[in-house]
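This report concerns only the one structure given below.
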Amino acid sequence: MVGKRSSNASQIAINIFFIIVSICFVYPILLLISISLSDMGSIVTNGYRLIPERFSLQAYRYVFAAPDRLITGYKVTILTTVLGTSISLLITSLLAYALSKRDYVFRSKLSFFVLFTMLFNGGMVPWYMLITNYLHLKNKIWVLILPYLVNAWNVIMLRTFFQQIPQEMTEAVNGCVGGVWTAGLLSCILDVEGKGGLMAEIKNKLDKENATTPRPRGHKYNFLYDAEKMKALVERMCLDAGVDILLYSRVVDVICEQKIVKGVIVENVDGRKAYLGEIIIDCTGNGDVAAFAGCSFDIGHPETGQMQPASLQSIVVGVPKEFRFMETYEEKRNFYTYLREHGIETTGKTPTIAQMPYGETYIFTINHEIGVRFDSASDISMASIRARQELDSVFTALKKVKGWENLQLVKSAAHVGIREGRRINGLYKLTIQDITNGRKFDDAICLVRFAVDIHALDKKATHGYGNEGVLVKPYNIPYRSLVAIDKENLGLAGRCISGDFYAHASYRVTGDSVPTEEAIGYAATIAIKNKCKLSEVDGLLVSQEMKLRGYEI
Ligand SMILES: Cc1cc2nc3c(=O)[nH]c(=O)nc-3n(C[C@H](O)[C@H](O)[C@H](O)COP(=O)(O)OP(=O)(O)OC[C@H]3O[C@@H](n4cnc5c(N)ncnc54)[C@H](O)[C@@H]3O)c2cc1C
């Protein structure tokens, strides 16, 4: 109550202050109008009055008797205002933009030049000589425009504004951006229903290029896409948005000062470099950045610690008609049985084929690399090698089966796809209770419909994937799950956001990863603008923005 009363009092004080300021501005104008309507004699005798003593239109008669002077005056005013402001804005912003770029070669020299003119003035006589003798602007309309085009103070204000626009930078280990979407040849986006914003934009752009196919049974939740088109598209979108991209670059460490991540250390062909940022967002899937920063996290199944298997995606041609699309669990199991009947054993117990949007090409997923640690280079290397060997042996054997003679492996993914890494602890951890109860949050960033999807955790498992009996009701991801609890300026996006094993098994798919990236990106711009921590960004505001962008909440 005390807080409310004192805020009312300060509101009244602010209102009174601005009323007085407004009067100070309005009073001279009213006085001017009043004088123009006053009789000359009464002004001479009694001085200026707000209410005219004797009313007279004499002043107006005088002015309108020869309107040419008035018209010329207004012409000059309008011309210098419109033309001067437009050209000045253009030139000032061009200069300010260049000065806002830290990597601009002449930045410091130009900045000095601008600042110098602000602090030291040449004086009136040199100014006059410059205008008349050198620029020859005497008695020309340009004398009212050209000398005032660049004002050092305005340049500095605009430069500061440009500097506040966050410059985004993205590093990718692979030779393309997009992660499992592109380098991993994922080719299928799950849980797209009710997703607007970037997700809808990407889908629309791919549609226009005929680079998508709906699931043949009209599944509105998912669609298949051409991974090569996706590569080109997401890179184009990043460049258009002004994102600096570094491919073949790995974050190997971070620079931390207490609860702030000052920057990341990146290794690539340039060697080792540090990149600083006000807000850092961990989009590494496995939560590498957060782990380097010493954030707390969970991994694996709550009872056994086991993690979901890795898989190597591949693209093939020459698939017989009757095997061209598998969607249900039964269809995949039937294919598994069919392969076994022909003496072919796959590590994945639910091998899958789906048609791509182009030509007669198909995405093939047949393997499960179980027990692979996402944070072990040798585990990942051996998993990739084993998976590639498996693809080779399965295709060699399958080609010998009647109807499969034209089967050809076109390519395998650049790296094995990791389903599960670290789940970084955030301000809120999504739980099994949240997803089974269909929990809604005020700071929701999207609605997840996707089921719990746990691929075989154990080599002895006889099924391909399942849900351990955990049934999902559509639920929200809250903004707080995207904010690392241990660091003030570290955001989380994609599958490393804060949640338990079962929640992760549902929200980890790409239709839900995209809104996490969009939401935390938006929150980062607010935090930078307001110079506040990510935890201080209003989650309601983020939620409203996501709604505005078309995400179902
Ligand atoms: C085999 C497989 C099949 C799947 N099937 C589907 C499916 O059909 N549909 C679906 O929607 N989802 C599917 N998923 C899930 C989905 O692909 C992922 O959960 C999703 O891609 C998560 O996105 P992300 O951006 O968090 O991580 P990722 O896609 O893994 O992207 C992480 C990015 O960070 C980069 N990176 C990692 N570490 C570093 C570092 N230290 N420094 C710099 N960069 C780094 C990587 O190179 C990559 O570009 C599948 C996953 C797998 C593994």
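By order of appearance in the structure tokens: chains A, B, ..., then residues from 1 within every chain, and ligands from 1 in the order shown.
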
* To do: May I have the residues within 7 Å of stretch 325-327 of chain A as JSON, numbers by chain, using only C-alpha atoms and disregarding those fewer than 5 positions away in the same chain?
  => {"A": [332, 352, 353, 354, 355]}

For those residues, write N, CA and C atoms to a file as an mmCIF file, in the first residue's frame.
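Output contents, as saved in result_25.cif:
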```
data_model
loop_
_atom_site.group_PDB
_atom_site.id
_atom_site.type_symbol
_atom_site.label_atom_id
_atom_site.label_comp_id
_atom_site.auth_asym_id
_atom_site.auth_seq_id
_atom_site.Cartn_x
_atom_site.Cartn_y
_atom_site.Cartn_z
ATOM 1 N N LYS A 332 6.661 -49.224 -39.776
ATOM 2 C CA LYS A 332 8.121 -49.291 -39.593
ATOM 3 C C LYS A 332 8.523 -50.675 -39.070
ATOM 4 N N THR A 352 12.976 -46.524 -41.173
ATOM 5 C CA THR A 352 11.964 -45.657 -41.780
ATOM 6 C C THR A 352 12.396 -45.160 -43.150
ATOM 7 N N ILE A 353 11.430 -45.037 -44.046
ATOM 8 C CA ILE A 353 11.684 -44.416 -45.354
ATOM 9 C C ILE A 353 10.625 -43.334 -45.570
ATOM 10 N N ALA A 354 11.039 -42.178 -46.081
ATOM 11 C CA ALA A 354 10.063 -41.123 -46.423
ATOM 12 C C ALA A 354 10.518 -40.425 -47.691
ATOM 13 N N GLN A 355 9.532 -40.098 -48.553
ATOM 14 C CA GLN A 355 9.876 -39.498 -49.847
ATOM 15 C C GLN A 355 10.229 -38.015 -49.702
#
```

What are the closest atom pairs, with distances in Å to one decimal, for each residue of chain A lying within 7 Å of ligand 1, using only C-alpha atoms and all ligand atoms, rows by chain and rising residue number, as JSON lines?
```
{"residue": "A:Glu171", "atom": "CA", "partner": "ligand 1", "partner_atom_place_in_ligand_line": "43 (C)", "distance": 5.0}
{"residue": "A:Ala172", "atom": "CA", "partner": "ligand 1", "partner_atom_place_in_ligand_line": "44 (N)", "distance": 4.1}
{"residue": "A:Val173", "atom": "CA", "partner": "ligand 1", "partner_atom_place_in_ligand_line": "47 (O)", "distance": 4.1}
{"residue": "A:Asn174", "atom": "CA", "partner": "ligand 1", "partner_atom_place_in_ligand_line": "47 (O)", "distance": 5.2}
{"residue": "A:Val177", "atom": "CA", "partner": "ligand 1", "partner_atom_place_in_ligand_line": "49 (O)", "distance": 5.5}
{"residue": "A:Gly178", "atom": "CA", "partner": "ligand 1", "partner_atom_place_in_ligand_line": "49 (O)", "distance": 5.3}
{"residue": "A:Gly179", "atom": "CA", "partner": "ligand 1", "partner_atom_place_in_ligand_line": "49 (O)", "distance": 3.3}
{"residue": "A:Val180", "atom": "CA", "partner": "ligand 1", "partner_atom_place_in_ligand_line": "29 (O)", "distance": 3.8}
{"residue": "A:Trp181", "atom": "CA", "partner": "ligand 1", "partner_atom_place_in_ligand_line": "21 (O)", "distance": 5.8}
{"residue": "A:Leu186", "atom": "CA", "partner": "ligand 1", "partner_atom_place_in_ligand_line": "5 (N)", "distance": 5.8}
{"residue": "A:Ser187", "atom": "CA", "partner": "ligand 1", "partner_atom_place_in_ligand_line": "8 (O)", "distance": 6.7}
{"residue": "A:Cys188", "atom": "CA", "partner": "ligand 1", "partner_atom_place_in_ligand_line": "8 (O)", "distance": 4.4}
{"residue": "A:Ile189", "atom": "CA", "partner": "ligand 1", "partner_atom_place_in_ligand_line": "11 (O)", "distance": 3.9}
{"residue": "A:Leu190", "atom": "CA", "partner": "ligand 1", "partner_atom_place_in_ligand_line": "11 (O)", "distance": 3.8}
{"residue": "A:Asp191", "atom": "CA", "partner": "ligand 1", "partner_atom_place_in_ligand_line": "11 (O)", "distance": 6.8}
{"residue": "A:Ser249", "atom": "CA", "partner": "ligand 1", "partner_atom_place_in_ligand_line": "43 (C)", "distance": 5.9}
{"residue": "A:Arg250", "atom": "CA", "partner": "ligand 1", "partner_atom_place_in_ligand_line": "42 (N)", "distance": 3.5}
{"residue": "A:Val251", "atom": "CA", "partner": "ligand 1", "partner_atom_place_in_ligand_line": "42 (N)", "distance": 3.7}
{"residue": "A:Val252", "atom": "CA", "partner": "ligand 1", "partner_atom_place_in_ligand_line": "41 (N)", "distance": 5.9}
{"residue": "A:Cys283", "atom": "CA", "partner": "ligand 1", "partner_atom_place_in_ligand_line": "34 (O)", "distance": 5.6}
{"residue": "A:Thr284", "atom": "CA", "partner": "ligand 1", "partner_atom_place_in_ligand_line": "34 (O)", "distance": 3.5}
{"residue": "A:Gly285", "atom": "CA", "partner": "ligand 1", "partner_atom_place_in_ligand_line": "27 (O)", "distance": 3.6}
{"residue": "A:Asn286", "atom": "CA", "partner": "ligand 1", "partner_atom_place_in_ligand_line": "38 (N)", "distance": 6.5}
{"residue": "A:Asp288", "atom": "CA", "partner": "ligand 1", "partner_atom_place_in_ligand_line": "41 (N)", "distance": 5.4}
{"residue": "A:Val289", "atom": "CA", "partner": "ligand 1", "partner_atom_place_in_ligand_line": "41 (N)", "distance": 6.7}
{"residue": "A:Ala310", "atom": "CA", "partner": "ligand 1", "partner_atom_place_in_ligand_line": "53 (C)", "distance": 5.6}
{"residue": "A:Ser311", "atom": "CA", "partner": "ligand 1", "partner_atom_place_in_ligand_line": "1 (C)", "distance": 4.2}
{"residue": "A:Leu312", "atom": "CA", "partner": "ligand 1", "partner_atom_place_in_ligand_line": "1 (C)", "distance": 6.0}
{"residue": "A:Gln313", "atom": "CA", "partner": "ligand 1", "partner_atom_place_in_ligand_line": "1 (C)", "distance": 6.2}
{"residue": "A:Gly417", "atom": "CA", "partner": "ligand 1", "partner_atom_place_in_ligand_line": "53 (C)", "distance": 3.5}
{"residue": "A:Ile418", "atom": "CA", "partner": "ligand 1", "partner_atom_place_in_ligand_line": "53 (C)", "distance": 4.1}
{"residue": "A:Arg419", "atom": "CA", "partner": "ligand 1", "partner_atom_place_in_ligand_line": "53 (C)", "distance": 4.0}
{"residue": "A:Ala493", "atom": "CA", "partner": "ligand 1", "partner_atom_place_in_ligand_line": "26 (O)", "distance": 6.3}
{"residue": "A:Gly494", "atom": "CA", "partner": "ligand 1", "partner_atom_place_in_ligand_line": "26 (O)", "distance": 3.2}
{"residue": "A:Arg495", "atom": "CA", "partner": "ligand 1", "partner_atom_place_in_ligand_line": "26 (O)", "distance": 4.1}
{"residue": "A:Cys496", "atom": "CA", "partner": "ligand 1", "partner_atom_place_in_ligand_line": "26 (O)", "distance": 6.2}
{"residue": "A:Arg508", "atom": "CA", "partner": "ligand 1", "partner_atom_place_in_ligand_line": "19 (O)", "distance": 4.3}
{"residue": "A:Val509", "atom": "CA", "partner": "ligand 1", "partner_atom_place_in_ligand_line": "12 (N)", "distance": 3.7}
{"residue": "A:Thr510", "atom": "CA", "partner": "ligand 1", "partner_atom_place_in_ligand_line": "11 (O)", "distance": 3.7}
{"residue": "A:Gly511", "atom": "CA", "partner": "ligand 1", "partner_atom_place_in_ligand_line": "11 (O)", "distance": 5.5}
{"residue": "A:Ser513", "atom": "CA", "partner": "ligand 1", "partner_atom_place_in_ligand_line": "23 (O)", "distance": 5.7}
```

Pick out the residues sitting within 9 Å of A:Leu198, and hand them over as an mmCIF file with all heavy atoms, in the first residue's frame; count only C-alpha atoms, and ignore anything fewer than 2 positions along from it in its own chain.
```
data_model
loop_
_atom_site.group_PDB
_atom_site.id
_atom_site.type_symbol
_atom_site.label_atom_id
_atom_site.label_comp_id
_atom_site.auth_asym_id
_atom_site.auth_seq_id
_atom_site.Cartn_x
_atom_site.Cartn_y
_atom_site.Cartn_z
ATOM 1 N N LYS A 195 2.484 -22.940 -35.305
ATOM 2 C CA LYS A 195 3.766 -22.239 -35.209
ATOM 3 C C LYS A 195 3.813 -21.141 -36.279
ATOM 4 O O LYS A 195 3.751 -21.430 -37.478
ATOM 5 C CB LYS A 195 4.950 -23.213 -35.385
ATOM 6 C CG LYS A 195 4.919 -24.389 -34.422
ATOM 7 C CD LYS A 195 5.270 -23.966 -33.017
ATOM 8 C CE LYS A 195 4.843 -24.898 -31.905
ATOM 9 N NZ LYS A 195 4.977 -26.307 -32.073
ATOM 10 N N GLY A 196 3.873 -19.905 -35.840
ATOM 11 C CA GLY A 196 3.948 -18.771 -36.786
ATOM 12 C C GLY A 196 5.378 -18.321 -36.918
ATOM 13 O O GLY A 196 6.286 -19.161 -37.023
ATOM 14 N N ALA A 200 6.887 -20.326 -39.662
ATOM 15 C CA ALA A 200 5.967 -20.173 -40.796
ATOM 16 C C ALA A 200 6.694 -19.526 -41.973
ATOM 17 O O ALA A 200 6.465 -19.903 -43.138
ATOM 18 C CB ALA A 200 4.780 -19.315 -40.374
ATOM 19 N N GLU A 201 7.583 -18.569 -41.659
ATOM 20 C CA GLU A 201 8.314 -17.885 -42.741
ATOM 21 C C GLU A 201 9.179 -18.880 -43.512
ATOM 22 O O GLU A 201 9.179 -18.904 -44.747
ATOM 23 C CB GLU A 201 9.201 -16.785 -42.122
ATOM 24 C CG GLU A 201 9.806 -15.868 -43.149
ATOM 25 C CD GLU A 201 10.732 -14.825 -42.519
ATOM 26 O OE1 GLU A 201 10.586 -14.504 -41.329
ATOM 27 O OE2 GLU A 201 11.618 -14.354 -43.256
ATOM 28 N N ILE A 202 9.869 -19.735 -42.776
ATOM 29 C CA ILE A 202 10.736 -20.732 -43.421
ATOM 30 C C ILE A 202 9.890 -21.689 -44.258
ATOM 31 O O ILE A 202 10.204 -21.989 -45.411
ATOM 32 C CB ILE A 202 11.560 -21.499 -42.352
ATOM 33 C CG1 ILE A 202 12.605 -20.555 -41.751
ATOM 34 C CG2 ILE A 202 12.218 -22.733 -42.934
ATOM 35 C CD1 ILE A 202 13.340 -21.103 -40.550
ATOM 36 N N LYS A 203 8.778 -22.140 -43.671
ATOM 37 C CA LYS A 203 7.903 -23.085 -44.383
ATOM 38 C C LYS A 203 7.384 -22.432 -45.677
ATOM 39 O O LYS A 203 7.423 -23.048 -46.747
ATOM 40 C CB LYS A 203 6.750 -23.485 -43.454
ATOM 41 C CG LYS A 203 5.574 -24.181 -44.097
ATOM 42 C CD LYS A 203 5.764 -25.682 -44.077
ATOM 43 C CE LYS A 203 4.547 -26.501 -44.434
ATOM 44 N NZ LYS A 203 3.904 -26.263 -45.692
ATOM 45 N N VAL A 514 12.551 -24.065 -32.894
ATOM 46 C CA VAL A 514 12.571 -22.753 -33.569
ATOM 47 C C VAL A 514 11.960 -21.650 -32.686
ATOM 48 O O VAL A 514 12.581 -20.612 -32.490
ATOM 49 C CB VAL A 514 11.888 -22.826 -34.957
ATOM 50 C CG1 VAL A 514 11.800 -21.446 -35.591
ATOM 51 C CG2 VAL A 514 12.673 -23.757 -35.860
ATOM 52 N N PRO A 515 10.741 -21.850 -32.112
ATOM 53 C CA PRO A 515 10.226 -20.773 -31.250
ATOM 54 C C PRO A 515 11.112 -20.459 -30.052
ATOM 55 O O PRO A 515 11.163 -19.311 -29.613
ATOM 56 C CB PRO A 515 8.849 -21.281 -30.801
ATOM 57 C CG PRO A 515 8.695 -22.637 -31.328
ATOM 58 C CD PRO A 515 9.738 -22.898 -32.344
ATOM 59 N N GLU A 518 13.616 -18.084 -31.381
ATOM 60 C CA GLU A 518 13.029 -16.778 -31.703
ATOM 61 C C GLU A 518 12.715 -15.999 -30.422
ATOM 62 O O GLU A 518 12.972 -14.794 -30.329
ATOM 63 C CB GLU A 518 11.752 -17.013 -32.515
ATOM 64 C CG GLU A 518 11.296 -15.782 -33.227
ATOM 65 C CD GLU A 518 10.256 -16.097 -34.296
ATOM 66 O OE1 GLU A 518 10.080 -17.275 -34.656
ATOM 67 O OE2 GLU A 518 9.610 -15.150 -34.763
ATOM 68 N N ARG A 549 3.495 -12.714 -33.338
ATOM 69 C CA ARG A 549 4.204 -13.308 -34.471
ATOM 70 C C ARG A 549 3.487 -14.536 -35.018
ATOM 71 O O ARG A 549 3.962 -15.163 -35.960
ATOM 72 C CB ARG A 549 5.627 -13.679 -34.059
ATOM 73 C CG ARG A 549 6.485 -12.476 -33.752
ATOM 74 C CD ARG A 549 7.898 -12.850 -33.400
ATOM 75 N NE ARG A 549 8.638 -11.657 -32.989
ATOM 76 C CZ ARG A 549 9.945 -11.531 -33.041
ATOM 77 N NH1 ARG A 549 10.683 -12.513 -33.496
ATOM 78 N NH2 ARG A 549 10.537 -10.430 -32.647
#
```

* as a ChimeraX atom specification, list the residues of stretch 79-328 of chain A assigned to helix (DSSP H, G or I) by DSSP on the backbone atoms of this structure. => /A:79-100,107-119,124-134,141-144,146-148,152-164,179-181,197-208,227-240,288-292,321-323

* Asked: If you run DSSP on the backbone, which residues of stretch 352-483 of chain A are strand (DSSP E or B), as a ChimeraX atom specification?
  -> /A:352-355,361-365,369,408-412,417,423-424,426,430,444-448,454-455,465-466,475-478,483

Export N, CA and C atoms of the chosen residues as a compact mmCIF listing (two decimals), in the first residue's frame?
```txt
# COMPACT_ATOMS: atom_id res chain seq x y z
N THR A 352 12.98 -46.52 -41.17
CA THR A 352 11.96 -45.66 -41.78
C THR A 352 12.40 -45.16 -43.15
N ILE A 353 11.43 -45.04 -44.05
CA ILE A 353 11.68 -44.42 -45.35
C ILE A 353 10.63 -43.33 -45.57
N ALA A 354 11.04 -42.18 -46.08
CA ALA A 354 10.06 -41.12 -46.42
C ALA A 354 10.52 -40.42 -47.69
N GLN A 355 9.53 -40.10 -48.55
CA GLN A 355 9.88 -39.50 -49.85
C GLN A 355 10.23 -38.02 -49.70
N THR A 361 13.84 -39.45 -54.64
CA THR A 361 14.81 -39.62 -53.55
C THR A 361 14.08 -39.82 -52.22
N TYR A 362 14.74 -40.53 -51.33
CA TYR A 362 14.09 -40.91 -50.08
C TYR A 362 15.05 -40.74 -48.91
N ILE A 363 14.48 -40.38 -47.79
CA ILE A 363 15.30 -40.29 -46.59
C ILE A 363 15.21 -41.64 -45.88
N PHE A 364 16.32 -42.14 -45.47
CA PHE A 364 16.42 -43.49 -44.90
C PHE A 364 16.99 -43.38 -43.49
N THR A 365 16.28 -43.91 -42.51
CA THR A 365 16.80 -43.89 -41.14
C THR A 365 16.74 -45.31 -40.61
N GLU A 369 22.58 -45.78 -32.62
CA GLU A 369 23.86 -45.95 -31.92
C GLU A 369 23.58 -45.71 -30.44
N GLN A 408 20.31 -47.09 -54.39
CA GLN A 408 21.63 -46.45 -54.39
C GLN A 408 21.71 -45.45 -53.25
N LEU A 409 22.76 -45.53 -52.46
CA LEU A 409 22.96 -44.53 -51.41
C LEU A 409 23.54 -43.27 -52.06
N VAL A 410 22.82 -42.15 -51.96
CA VAL A 410 23.29 -40.90 -52.57
C VAL A 410 24.24 -40.19 -51.62
N LYS A 411 23.83 -40.05 -50.39
CA LYS A 411 24.74 -39.45 -49.42
C LYS A 411 24.29 -39.76 -47.99
N SER A 412 25.27 -39.74 -47.11
CA SER A 412 24.93 -39.85 -45.68
C SER A 412 25.21 -38.49 -45.05
N GLY A 417 23.56 -37.76 -35.92
CA GLY A 417 22.60 -36.88 -35.22
C GLY A 417 22.49 -37.26 -33.75
N ARG A 423 20.75 -30.86 -20.40
CA ARG A 423 19.56 -30.03 -20.20
C ARG A 423 19.96 -29.01 -19.13
N ILE A 424 20.22 -27.79 -19.58
CA ILE A 424 20.77 -26.77 -18.69
C ILE A 424 19.69 -26.29 -17.72
N GLY A 426 17.42 -23.96 -15.90
CA GLY A 426 16.94 -22.60 -16.16
C GLY A 426 16.14 -22.07 -14.99
N LEU A 430 10.87 -27.52 -17.03
CA LEU A 430 9.63 -28.20 -17.45
C LEU A 430 9.67 -29.65 -16.98
N ALA A 444 4.31 -18.06 -21.62
CA ALA A 444 4.43 -19.09 -22.66
C ALA A 444 4.99 -18.53 -23.96
N ILE A 445 5.86 -19.32 -24.60
CA ILE A 445 6.39 -18.86 -25.89
C ILE A 445 5.84 -19.68 -27.06
N CYS A 446 5.30 -20.87 -26.79
CA CYS A 446 4.63 -21.66 -27.85
C CYS A 446 3.87 -22.80 -27.20
N LEU A 447 3.12 -23.49 -28.04
CA LEU A 447 2.35 -24.64 -27.56
C LEU A 447 2.97 -25.90 -28.18
N VAL A 448 3.31 -26.87 -27.32
CA VAL A 448 3.91 -28.13 -27.82
C VAL A 448 2.83 -29.21 -27.87
N ILE A 454 10.80 -41.55 -26.99
CA ILE A 454 12.06 -42.05 -26.43
C ILE A 454 12.55 -43.22 -27.28
N HIS A 455 13.66 -43.00 -27.96
CA HIS A 455 14.23 -44.08 -28.78
C HIS A 455 15.00 -45.03 -27.86
N TYR A 465 11.12 -47.19 -30.65
CA TYR A 465 10.89 -46.01 -29.80
C TYR A 465 9.55 -46.15 -29.10
N GLY A 466 9.34 -45.36 -28.06
CA GLY A 466 8.08 -45.43 -27.33
C GLY A 466 7.96 -44.25 -26.39
N TYR A 475 0.97 -28.48 -24.15
CA TYR A 475 1.47 -27.67 -23.04
C TYR A 475 2.35 -26.53 -23.56
N ASN A 476 2.60 -25.58 -22.69
CA ASN A 476 3.45 -24.43 -23.06
C ASN A 476 4.89 -24.63 -22.64
N ILE A 477 5.79 -24.03 -23.43
CA ILE A 477 7.17 -23.83 -22.94
C ILE A 477 7.21 -22.42 -22.36
N PRO A 478 7.60 -22.26 -21.09
CA PRO A 478 7.66 -20.90 -20.53
C PRO A 478 8.98 -20.22 -20.89
N VAL A 483 16.15 -19.33 -19.87
CA VAL A 483 17.12 -18.46 -19.20
C VAL A 483 17.92 -19.29 -18.20
```

* To do: Could you give me, as number ranges by chain, the residues within 10 Å of A:Lys205, counting only C-alpha atoms and dropping anything in the same chain fewer than 6 positions from it?
  => A: 211-212, 229-230, 233

* Show which residues sit within 12 Å of A:Leu31, as a ChimeraX atom specification. Count only C-alpha atoms, and ignore same-chain residues fewer than 6 positions away. => /A:23-25,37-38,47-52

* For atom CA of A:Ala232 and atom CA of A:Glu420, quote the distance in Å rounded to one decimal. =>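 Between atom CA of A:Ala232 and atom CA of A:Glu420 the gap is 26.4 Å.
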
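Residues with any atom within 12 Å of A:Tyr60, counting only C-alpha atoms and excluding same-chain neighbours fewer than 2 positions away, are A:Ile33, A:Ile35, A:Ser36, A:Leu37, A:Ser38, A:Asp39, A:Ser56, A:Leu57, A:Gln58, A:Tyr62, A:Val63, A:Phe64, A:Ala65, A:Ala66, A:Pro67, A:Leu70.
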
* To do: Extract, using only C-alpha atoms, all DNA, RNA and protein residues at most 12 Å from A:Ile279, discarding same-chain residues fewer than 3 positions from it, and format them as an NGL selection string.
  => :A and (166-169 or 260-264 or 275-276 or 282 or 483-484 or 487-492 or 520-529 or 531-535)

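Closest approach to A:Pro474 from the set A:Glu545, A:Glu193, A:Asp500, A:Asp68 is made by A:Glu193, with distances taken over only C-alpha atoms.
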
* Asked: Interatomic distance between atom CA of A:Asp253 and atom CA of A:Ile265?
  -> 5.0 Å

* Asked: Rounded to one decimal in Å, what is the spacing between atom CA of A:Lys321 and atom CA of A:Gly359?
  ->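 Interatomic distance here is 13.6 Å.
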
* A:Pro357, A:Tyr502, A:Leu83, A:Val472: which is nearest A:Asn210, counting only C-alpha atoms? ->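 Checking each of A:Pro357, A:Tyr502, A:Leu83, A:Val472 against A:Asn210, counting only C-alpha atoms, the winner is A:Pro357.
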